[in-house]
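The file start23.txt contains compact mmCIF, N, CA and C atoms:
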```
# COMPACT_ATOMS: atom_id res chain seq x y z
N GLN A 209 4.70 2.09 -19.29
CA GLN A 209 4.10 0.95 -18.60
C GLN A 209 5.16 0.17 -17.84
N ALA A 210 4.75 -0.39 -16.74
CA ALA A 210 5.58 -1.33 -15.99
C ALA A 210 4.80 -2.62 -15.87
N GLN A 211 5.53 -3.68 -15.68
CA GLN A 211 4.90 -4.97 -15.39
C GLN A 211 4.98 -5.17 -13.88
N LEU A 212 3.86 -5.49 -13.29
CA LEU A 212 3.76 -5.61 -11.84
C LEU A 212 3.47 -7.07 -11.47
N VAL A 213 4.26 -7.59 -10.55
CA VAL A 213 4.08 -8.97 -10.11
C VAL A 213 3.95 -8.98 -8.59
N GLU A 214 2.77 -9.33 -8.12
CA GLU A 214 2.50 -9.42 -6.69
C GLU A 214 2.74 -10.84 -6.19
N SER A 215 3.22 -10.95 -4.97
CA SER A 215 3.47 -12.26 -4.38
C SER A 215 3.35 -12.16 -2.87
N GLY A 216 3.35 -13.32 -2.22
CA GLY A 216 3.36 -13.37 -0.77
C GLY A 216 2.03 -13.69 -0.13
N GLY A 217 1.00 -13.83 -0.92
CA GLY A 217 -0.30 -14.17 -0.36
C GLY A 217 -0.35 -15.61 0.11
N GLY A 218 -1.47 -15.97 0.69
CA GLY A 218 -1.63 -17.34 1.17
C GLY A 218 -2.82 -17.46 2.08
N LEU A 219 -2.92 -18.61 2.74
CA LEU A 219 -3.98 -18.90 3.69
C LEU A 219 -3.42 -18.72 5.10
N VAL A 220 -4.10 -17.94 5.91
CA VAL A 220 -3.64 -17.68 7.26
C VAL A 220 -4.84 -17.61 8.19
N GLN A 221 -4.64 -17.96 9.43
CA GLN A 221 -5.71 -17.86 10.42
C GLN A 221 -5.89 -16.42 10.87
N ALA A 222 -7.09 -16.12 11.32
CA ALA A 222 -7.35 -14.80 11.87
C ALA A 222 -6.34 -14.48 12.96
N GLY A 223 -5.84 -13.25 12.95
CA GLY A 223 -4.81 -12.84 13.89
C GLY A 223 -3.39 -13.01 13.37
N GLY A 224 -3.26 -13.71 12.26
CA GLY A 224 -1.95 -13.96 11.69
C GLY A 224 -1.42 -12.80 10.87
N SER A 225 -0.27 -13.03 10.25
CA SER A 225 0.41 -11.98 9.47
C SER A 225 0.87 -12.53 8.13
N LEU A 226 0.96 -11.63 7.19
CA LEU A 226 1.54 -11.92 5.87
C LEU A 226 2.27 -10.67 5.39
N ARG A 227 3.28 -10.88 4.56
CA ARG A 227 3.97 -9.76 3.93
C ARG A 227 3.89 -9.93 2.42
N LEU A 228 3.25 -9.00 1.78
CA LEU A 228 3.12 -9.01 0.33
C LEU A 228 4.24 -8.20 -0.31
N SER A 229 4.64 -8.64 -1.50
CA SER A 229 5.63 -7.93 -2.29
C SER A 229 5.07 -7.62 -3.66
N CYS A 230 5.51 -6.52 -4.23
CA CYS A 230 5.12 -6.14 -5.59
C CYS A 230 6.39 -5.72 -6.31
N ALA A 231 6.82 -6.54 -7.24
CA ALA A 231 8.02 -6.25 -8.00
C ALA A 231 7.65 -5.66 -9.34
N ALA A 232 8.24 -4.53 -9.65
CA ALA A 232 7.98 -3.86 -10.92
C ALA A 232 9.15 -4.07 -11.86
N SER A 233 8.84 -4.23 -13.13
CA SER A 233 9.88 -4.33 -14.14
C SER A 233 9.47 -3.52 -15.36
N GLY A 234 10.46 -3.14 -16.14
CA GLY A 234 10.19 -2.38 -17.34
C GLY A 234 10.17 -0.88 -17.15
N ARG A 235 10.06 -0.46 -15.90
CA ARG A 235 10.05 0.96 -15.57
C ARG A 235 10.37 1.10 -14.10
N THR A 236 11.11 2.13 -13.75
CA THR A 236 11.42 2.34 -12.34
C THR A 236 10.23 3.01 -11.66
N ILE A 237 10.02 2.68 -10.40
CA ILE A 237 8.88 3.21 -9.66
C ILE A 237 9.24 4.41 -8.81
N ASN A 238 10.50 4.81 -8.78
CA ASN A 238 10.94 5.78 -7.78
C ASN A 238 10.36 7.18 -7.96
N SER A 239 9.69 7.44 -9.07
CA SER A 239 9.07 8.75 -9.27
C SER A 239 7.58 8.76 -8.93
N TYR A 240 7.06 7.63 -8.54
CA TYR A 240 5.61 7.49 -8.44
C TYR A 240 5.12 7.19 -7.04
N VAL A 241 3.96 7.76 -6.71
CA VAL A 241 3.23 7.31 -5.54
C VAL A 241 2.66 5.94 -5.89
N MET A 242 2.94 4.97 -5.05
CA MET A 242 2.49 3.60 -5.28
C MET A 242 1.44 3.23 -4.24
N ALA A 243 0.62 2.26 -4.60
CA ALA A 243 -0.49 1.90 -3.71
C ALA A 243 -0.80 0.42 -3.79
N TRP A 244 -1.45 -0.06 -2.76
CA TRP A 244 -2.03 -1.40 -2.74
C TRP A 244 -3.54 -1.26 -2.79
N PHE A 245 -4.15 -2.18 -3.50
CA PHE A 245 -5.60 -2.26 -3.62
C PHE A 245 -6.00 -3.71 -3.37
N ARG A 246 -7.28 -3.94 -3.14
CA ARG A 246 -7.76 -5.32 -2.99
C ARG A 246 -9.15 -5.44 -3.56
N GLN A 247 -9.47 -6.66 -3.96
CA GLN A 247 -10.81 -6.94 -4.49
C GLN A 247 -11.30 -8.25 -3.91
N ALA A 248 -12.36 -8.16 -3.14
CA ALA A 248 -13.00 -9.34 -2.57
C ALA A 248 -14.05 -9.85 -3.55
N PRO A 249 -14.44 -11.12 -3.42
CA PRO A 249 -15.45 -11.67 -4.33
C PRO A 249 -16.73 -10.84 -4.31
N GLU A 250 -17.24 -10.57 -5.48
CA GLU A 250 -18.51 -9.85 -5.65
C GLU A 250 -18.41 -8.37 -5.23
N LYS A 251 -17.20 -7.88 -5.05
CA LYS A 251 -17.05 -6.48 -4.63
C LYS A 251 -16.15 -5.73 -5.59
N GLU A 252 -16.24 -4.40 -5.55
CA GLU A 252 -15.36 -3.56 -6.36
C GLU A 252 -13.96 -3.54 -5.76
N ARG A 253 -12.99 -3.26 -6.63
CA ARG A 253 -11.63 -3.08 -6.14
C ARG A 253 -11.59 -1.84 -5.25
N GLU A 254 -10.86 -1.94 -4.13
CA GLU A 254 -10.80 -0.82 -3.19
C GLU A 254 -9.38 -0.49 -2.81
N PHE A 255 -9.19 0.75 -2.45
CA PHE A 255 -7.89 1.25 -1.99
C PHE A 255 -7.56 0.67 -0.62
N VAL A 256 -6.28 0.33 -0.43
CA VAL A 256 -5.82 -0.18 0.86
C VAL A 256 -4.81 0.77 1.49
N ALA A 257 -3.75 1.12 0.74
CA ALA A 257 -2.69 1.96 1.28
C ALA A 257 -1.90 2.59 0.14
N ARG A 258 -1.26 3.72 0.41
CA ARG A 258 -0.38 4.32 -0.59
C ARG A 258 0.86 4.88 0.10
N ILE A 259 1.91 5.07 -0.69
CA ILE A 259 3.18 5.56 -0.17
C ILE A 259 3.77 6.54 -1.17
N SER A 260 4.32 7.61 -0.66
CA SER A 260 4.91 8.64 -1.52
C SER A 260 6.13 8.09 -2.24
N ALA A 261 6.58 8.83 -3.25
CA ALA A 261 7.69 8.37 -4.08
C ALA A 261 8.95 8.09 -3.26
N GLY A 262 9.21 8.94 -2.28
CA GLY A 262 10.39 8.77 -1.46
C GLY A 262 10.19 7.89 -0.24
N GLY A 263 8.93 7.56 0.02
CA GLY A 263 8.63 6.67 1.12
C GLY A 263 8.37 7.34 2.45
N SER A 264 8.38 8.67 2.49
CA SER A 264 8.25 9.36 3.77
C SER A 264 6.82 9.56 4.21
N SER A 265 5.88 9.41 3.30
CA SER A 265 4.48 9.67 3.60
C SER A 265 3.62 8.48 3.20
N THR A 266 2.73 8.08 4.10
CA THR A 266 1.84 6.96 3.82
C THR A 266 0.41 7.32 4.20
N ALA A 267 -0.52 6.58 3.63
CA ALA A 267 -1.94 6.75 3.97
C ALA A 267 -2.62 5.39 3.86
N TYR A 268 -3.66 5.21 4.68
CA TYR A 268 -4.31 3.91 4.76
C TYR A 268 -5.82 4.05 4.75
N ALA A 269 -6.48 3.03 4.25
CA ALA A 269 -7.92 2.93 4.43
C ALA A 269 -8.22 2.74 5.90
N ASP A 270 -9.33 3.26 6.35
CA ASP A 270 -9.69 3.14 7.76
C ASP A 270 -9.75 1.68 8.20
N SER A 271 -10.16 0.81 7.31
CA SER A 271 -10.34 -0.59 7.67
C SER A 271 -9.04 -1.32 7.98
N VAL A 272 -7.91 -0.77 7.56
CA VAL A 272 -6.62 -1.44 7.79
C VAL A 272 -5.67 -0.62 8.64
N LYS A 273 -6.05 0.59 8.97
CA LYS A 273 -5.17 1.49 9.72
C LYS A 273 -4.78 0.86 11.05
N GLY A 274 -3.49 0.91 11.35
CA GLY A 274 -3.00 0.33 12.58
C GLY A 274 -2.64 -1.13 12.48
N ARG A 275 -3.04 -1.79 11.39
CA ARG A 275 -2.74 -3.22 11.20
C ARG A 275 -1.81 -3.46 10.02
N PHE A 276 -1.93 -2.66 8.99
CA PHE A 276 -1.12 -2.83 7.77
C PHE A 276 -0.07 -1.72 7.68
N THR A 277 1.08 -2.05 7.10
CA THR A 277 2.13 -1.07 6.87
C THR A 277 2.66 -1.21 5.46
N ILE A 278 2.62 -0.12 4.71
CA ILE A 278 3.16 -0.10 3.36
C ILE A 278 4.58 0.44 3.40
N SER A 279 5.46 -0.12 2.59
CA SER A 279 6.83 0.36 2.50
C SER A 279 7.32 0.13 1.08
N ARG A 280 8.48 0.67 0.78
CA ARG A 280 9.04 0.49 -0.56
C ARG A 280 10.55 0.48 -0.49
N ASP A 281 11.14 -0.19 -1.47
CA ASP A 281 12.59 -0.20 -1.65
C ASP A 281 12.82 0.17 -3.11
N ASN A 282 13.10 1.44 -3.35
CA ASN A 282 13.24 1.90 -4.74
C ASN A 282 14.45 1.27 -5.42
N ALA A 283 15.48 0.93 -4.66
CA ALA A 283 16.65 0.27 -5.25
C ALA A 283 16.28 -1.10 -5.81
N LYS A 284 15.28 -1.74 -5.19
CA LYS A 284 14.83 -3.04 -5.66
C LYS A 284 13.58 -2.94 -6.53
N ASN A 285 13.11 -1.70 -6.73
CA ASN A 285 11.91 -1.49 -7.55
C ASN A 285 10.72 -2.30 -7.02
N THR A 286 10.57 -2.31 -5.72
CA THR A 286 9.60 -3.18 -5.05
C THR A 286 8.84 -2.41 -3.98
N VAL A 287 7.56 -2.74 -3.87
CA VAL A 287 6.69 -2.19 -2.83
C VAL A 287 6.21 -3.35 -1.97
N TYR A 288 6.05 -3.09 -0.67
CA TYR A 288 5.66 -4.14 0.27
C TYR A 288 4.39 -3.75 1.01
N LEU A 289 3.70 -4.76 1.52
CA LEU A 289 2.58 -4.54 2.41
C LEU A 289 2.67 -5.56 3.54
N GLN A 290 3.01 -5.08 4.72
CA GLN A 290 3.02 -5.93 5.91
C GLN A 290 1.63 -5.91 6.51
N MET A 291 1.04 -7.08 6.66
CA MET A 291 -0.34 -7.18 7.15
C MET A 291 -0.32 -7.98 8.44
N ASN A 292 -0.71 -7.34 9.53
CA ASN A 292 -0.78 -7.98 10.84
C ASN A 292 -2.22 -8.02 11.33
N SER A 293 -2.46 -8.84 12.34
CA SER A 293 -3.80 -8.94 12.94
C SER A 293 -4.87 -9.12 11.87
N LEU A 294 -4.62 -10.03 10.97
CA LEU A 294 -5.52 -10.23 9.84
C LEU A 294 -6.89 -10.71 10.30
N LYS A 295 -7.90 -10.26 9.56
CA LYS A 295 -9.29 -10.61 9.85
C LYS A 295 -9.90 -11.30 8.63
N PRO A 296 -10.95 -12.10 8.84
CA PRO A 296 -11.59 -12.75 7.68
C PRO A 296 -12.02 -11.75 6.61
N GLU A 297 -12.41 -10.57 7.00
CA GLU A 297 -12.83 -9.57 6.02
C GLU A 297 -11.68 -8.99 5.20
N ASP A 298 -10.45 -9.36 5.52
CA ASP A 298 -9.31 -8.97 4.69
C ASP A 298 -9.12 -9.92 3.51
N THR A 299 -9.89 -10.99 3.47
CA THR A 299 -9.80 -11.94 2.37
C THR A 299 -10.11 -11.25 1.04
N ALA A 300 -9.16 -11.34 0.10
CA ALA A 300 -9.30 -10.66 -1.18
C ALA A 300 -8.08 -10.99 -2.04
N VAL A 301 -8.15 -10.60 -3.30
CA VAL A 301 -6.97 -10.57 -4.15
C VAL A 301 -6.36 -9.18 -4.01
N TYR A 302 -5.07 -9.15 -3.73
CA TYR A 302 -4.37 -7.89 -3.50
C TYR A 302 -3.52 -7.53 -4.71
N TYR A 303 -3.60 -6.27 -5.09
CA TYR A 303 -2.88 -5.75 -6.24
C TYR A 303 -2.10 -4.50 -5.85
N CYS A 304 -1.00 -4.27 -6.54
CA CYS A 304 -0.32 -2.98 -6.40
C CYS A 304 -0.37 -2.26 -7.75
N ASN A 305 -0.21 -0.95 -7.69
CA ASN A 305 -0.20 -0.14 -8.89
C ASN A 305 0.19 1.28 -8.49
N LYS A 306 0.34 2.15 -9.47
CA LYS A 306 0.46 3.56 -9.14
C LYS A 306 -0.83 3.99 -8.46
N ALA A 307 -0.75 5.03 -7.65
CA ALA A 307 -1.95 5.50 -6.96
C ALA A 307 -2.92 6.17 -7.93
N LEU A 308 -2.40 6.73 -9.00
CA LEU A 308 -3.22 7.39 -10.02
C LEU A 308 -2.73 6.97 -11.40
N LEU A 309 -3.56 7.10 -12.40
CA LEU A 309 -3.18 6.81 -13.79
C LEU A 309 -2.50 5.46 -13.86
N TYR A 310 -3.30 4.45 -13.59
CA TYR A 310 -2.79 3.10 -13.40
C TYR A 310 -2.05 2.56 -14.61
N TRP A 311 -1.03 1.77 -14.29
CA TRP A 311 -0.47 0.88 -15.30
C TRP A 311 -1.42 -0.33 -15.45
N ASP A 312 -1.11 -1.21 -16.39
CA ASP A 312 -1.87 -2.45 -16.49
C ASP A 312 -1.78 -3.22 -15.17
N TRP A 313 -2.87 -3.81 -14.76
CA TRP A 313 -2.89 -4.54 -13.50
C TRP A 313 -2.16 -5.87 -13.63
N GLY A 314 -1.47 -6.25 -12.55
CA GLY A 314 -0.87 -7.56 -12.48
C GLY A 314 -1.91 -8.61 -12.16
N GLN A 315 -1.43 -9.82 -11.87
CA GLN A 315 -2.37 -10.91 -11.60
C GLN A 315 -2.87 -10.89 -10.16
N GLY A 316 -2.22 -10.12 -9.32
CA GLY A 316 -2.60 -10.07 -7.92
C GLY A 316 -2.12 -11.28 -7.15
N THR A 317 -2.31 -11.22 -5.84
CA THR A 317 -1.97 -12.35 -4.97
C THR A 317 -3.12 -12.57 -4.01
N GLN A 318 -3.55 -13.81 -3.89
CA GLN A 318 -4.73 -14.15 -3.09
C GLN A 318 -4.36 -14.21 -1.60
N VAL A 319 -5.12 -13.52 -0.80
CA VAL A 319 -5.01 -13.60 0.65
C VAL A 319 -6.33 -14.15 1.19
N THR A 320 -6.24 -15.24 1.92
CA THR A 320 -7.42 -15.85 2.51
C THR A 320 -7.20 -15.97 4.01
N VAL A 321 -8.11 -15.38 4.78
CA VAL A 321 -8.01 -15.38 6.23
C VAL A 321 -9.16 -16.22 6.78
N SER A 322 -8.82 -17.27 7.48
CA SER A 322 -9.85 -18.15 8.04
C SER A 322 -10.17 -17.74 9.47
N SER A 323 -11.40 -17.96 9.85
CA SER A 323 -11.84 -17.57 11.20
C SER A 323 -11.63 -18.70 12.20
```
Kindly present the structure from the file in structure tokens form.
Amino acid sequence: QAQLVESGGGLVQAGGSLRLSCAASGRTINSYVMAWFRQAPEKEREFVARISAGGSSTAYADSVKGRFTISRDNAKNTVYLQMNSLKPEDTAVYYCNKALLYWDWGQGTQVTVSS
């Protein structure tokens, strides 16, 4: 197990940008495909983006493709999500975790996009 702490969320106007961070402790992440997920009110948690262990391969949900960029710094045991051109429908709590066989979920970070 690793402990995951997400940060960087906030309130932003539509069209704005935010950069989320996910710091892992207790276990190194460099062997794992990592991912970002989000959960909007009254909705199921959904996949946003994932990145290979070495960082060379990424994949995105269609709803964020071209606007969000996932990256990682294995030396810092941290995963990032750069979010540009934010839309009100991006409003959600954002979480990071392994892409499969999840560790315990962190508290997430709230992103609110106003129109």
Might you pull out every residue within 6.5 Å of range 219-231 of chain A, with only N, CA and C atoms counted and same-chain residues fewer than 3 positions away left off, and present them as a VMD selection string?
chain A and resid 211 to 216 285 to 296 304 318 to 323
Might you pull out every residue within 8 Å of range 249-255 of chain A, with only N, CA and C atoms counted and same-chain residues fewer than 4 positions away left off, and present them as a ChimeraX atom specification?
/A:243-245,268-270,299-301
Select from chain A everything DSSP, run on the backbone, classes as helix (DSSP H, G or I), then give the selection as a list in words.
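Those residues are Asn282, Ala283, Lys284, Pro296, Glu297 and Asp298 of chain A.
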Save the residues we just selected, N, CA and C atoms, as a PDB file, keeping the file's coordinate frame?
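Saved result, selection18.pdb, follows:
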```pdb
ATOM      1  N   ASN A 282      13.100   1.440  -3.350  1.00  0.00           N
ATOM      2  CA  ASN A 282      13.240   1.900  -4.740  1.00  0.00           C
ATOM      3  C   ASN A 282      14.450   1.270  -5.420  1.00  0.00           C
ATOM      4  N   ALA A 283      15.480   0.930  -4.660  1.00  0.00           N
ATOM      5  CA  ALA A 283      16.650   0.270  -5.250  1.00  0.00           C
ATOM      6  C   ALA A 283      16.280  -1.100  -5.810  1.00  0.00           C
ATOM      7  N   LYS A 284      15.280  -1.740  -5.190  1.00  0.00           N
ATOM      8  CA  LYS A 284      14.830  -3.040  -5.660  1.00  0.00           C
ATOM      9  C   LYS A 284      13.580  -2.940  -6.530  1.00  0.00           C
ATOM     10  N   PRO A 296     -10.950 -12.100   8.840  1.00  0.00           N
ATOM     11  CA  PRO A 296     -11.590 -12.750   7.680  1.00  0.00           C
ATOM     12  C   PRO A 296     -12.020 -11.750   6.610  1.00  0.00           C
ATOM     13  N   GLU A 297     -12.410 -10.570   7.000  1.00  0.00           N
ATOM     14  CA  GLU A 297     -12.830  -9.570   6.020  1.00  0.00           C
ATOM     15  C   GLU A 297     -11.680  -8.990   5.200  1.00  0.00           C
ATOM     16  N   ASP A 298     -10.450  -9.360   5.520  1.00  0.00           N
ATOM     17  CA  ASP A 298      -9.310  -8.970   4.690  1.00  0.00           C
ATOM     18  C   ASP A 298      -9.120  -9.920   3.510  1.00  0.00           C
TER      19      ASP A 298
END
```
CA of Ser239 in chain A and CA of Lys306 in chain A are how many Å apart?
10.1 Å
Kindly give the distance, in Å, that separates atom N of Val272 in chain A and atom C of Gly316 in chain A, rounded to a single decimal.
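Computing the Euclidean distance for atom N of Val272 in chain A and atom C of Gly316 in chain A yields 19.0 Å.
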Of the residues A:Thr236, A:Ala257, A:Gln247, A:Asp312, which is the one nearest to Phe276 in chain A, using only N, CA and C atoms?
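Closest residue, counting only N, CA and C atoms: A:Ala257.
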CA of Arg258 in chain A to CA of Gly234 in chain A, distance in Å rounded to a single decimal:
20.9 Å
Set the distance at 9 Å and use only C-alpha atoms: which residues neighbour Ala267 in chain A once local chain neighbours fewer than 3 positions away are removed? I'd like the list as number ranges by chain.
A: 256-260, 273, 278
Nearest to Tyr302 in chain A: which of A:Ser264, A:Gly314, A:Lys284, A:Val241 is it, counting all atoms listed in the file?
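That would be A:Gly314, the residue with the smallest distance to Tyr302 in chain A.
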List every residue of chain A that DSSP, applied to the backbone, labels as strand (DSSP E or B), and write the result as a PyMOL selection string.
chain A and resi 211-215+218-221+226-233+242-247+254-259+266-268+276-281+286-291+300-306+317-322
Nearby residues (all atoms listed in the file) at most 6.5 Å from Trp311 in chain A, same-chain spacing under 3 positions excluded, as a PyMOL selection string:
chain A and resi 209-210+305-306+308
Grab all the atoms of range 265-277 of chain A that the file lists, wrap them in a box along x, y and z, add 3 Å per side, and give me centre plus edge lengths in Å (one decimal) as AutoDock Vina command-line options.
```
--center_x -2.2 --center_y 3.1 --center_z 7.9 --size_x 22.2 --size_y 19.1 --size_z 15.4
```
So, counting all atoms listed in the file, which residue among A:Gln315, A:Thr277, A:Asn282, A:Ser271 is closest to Ile237 in chain A?
A:Asn282
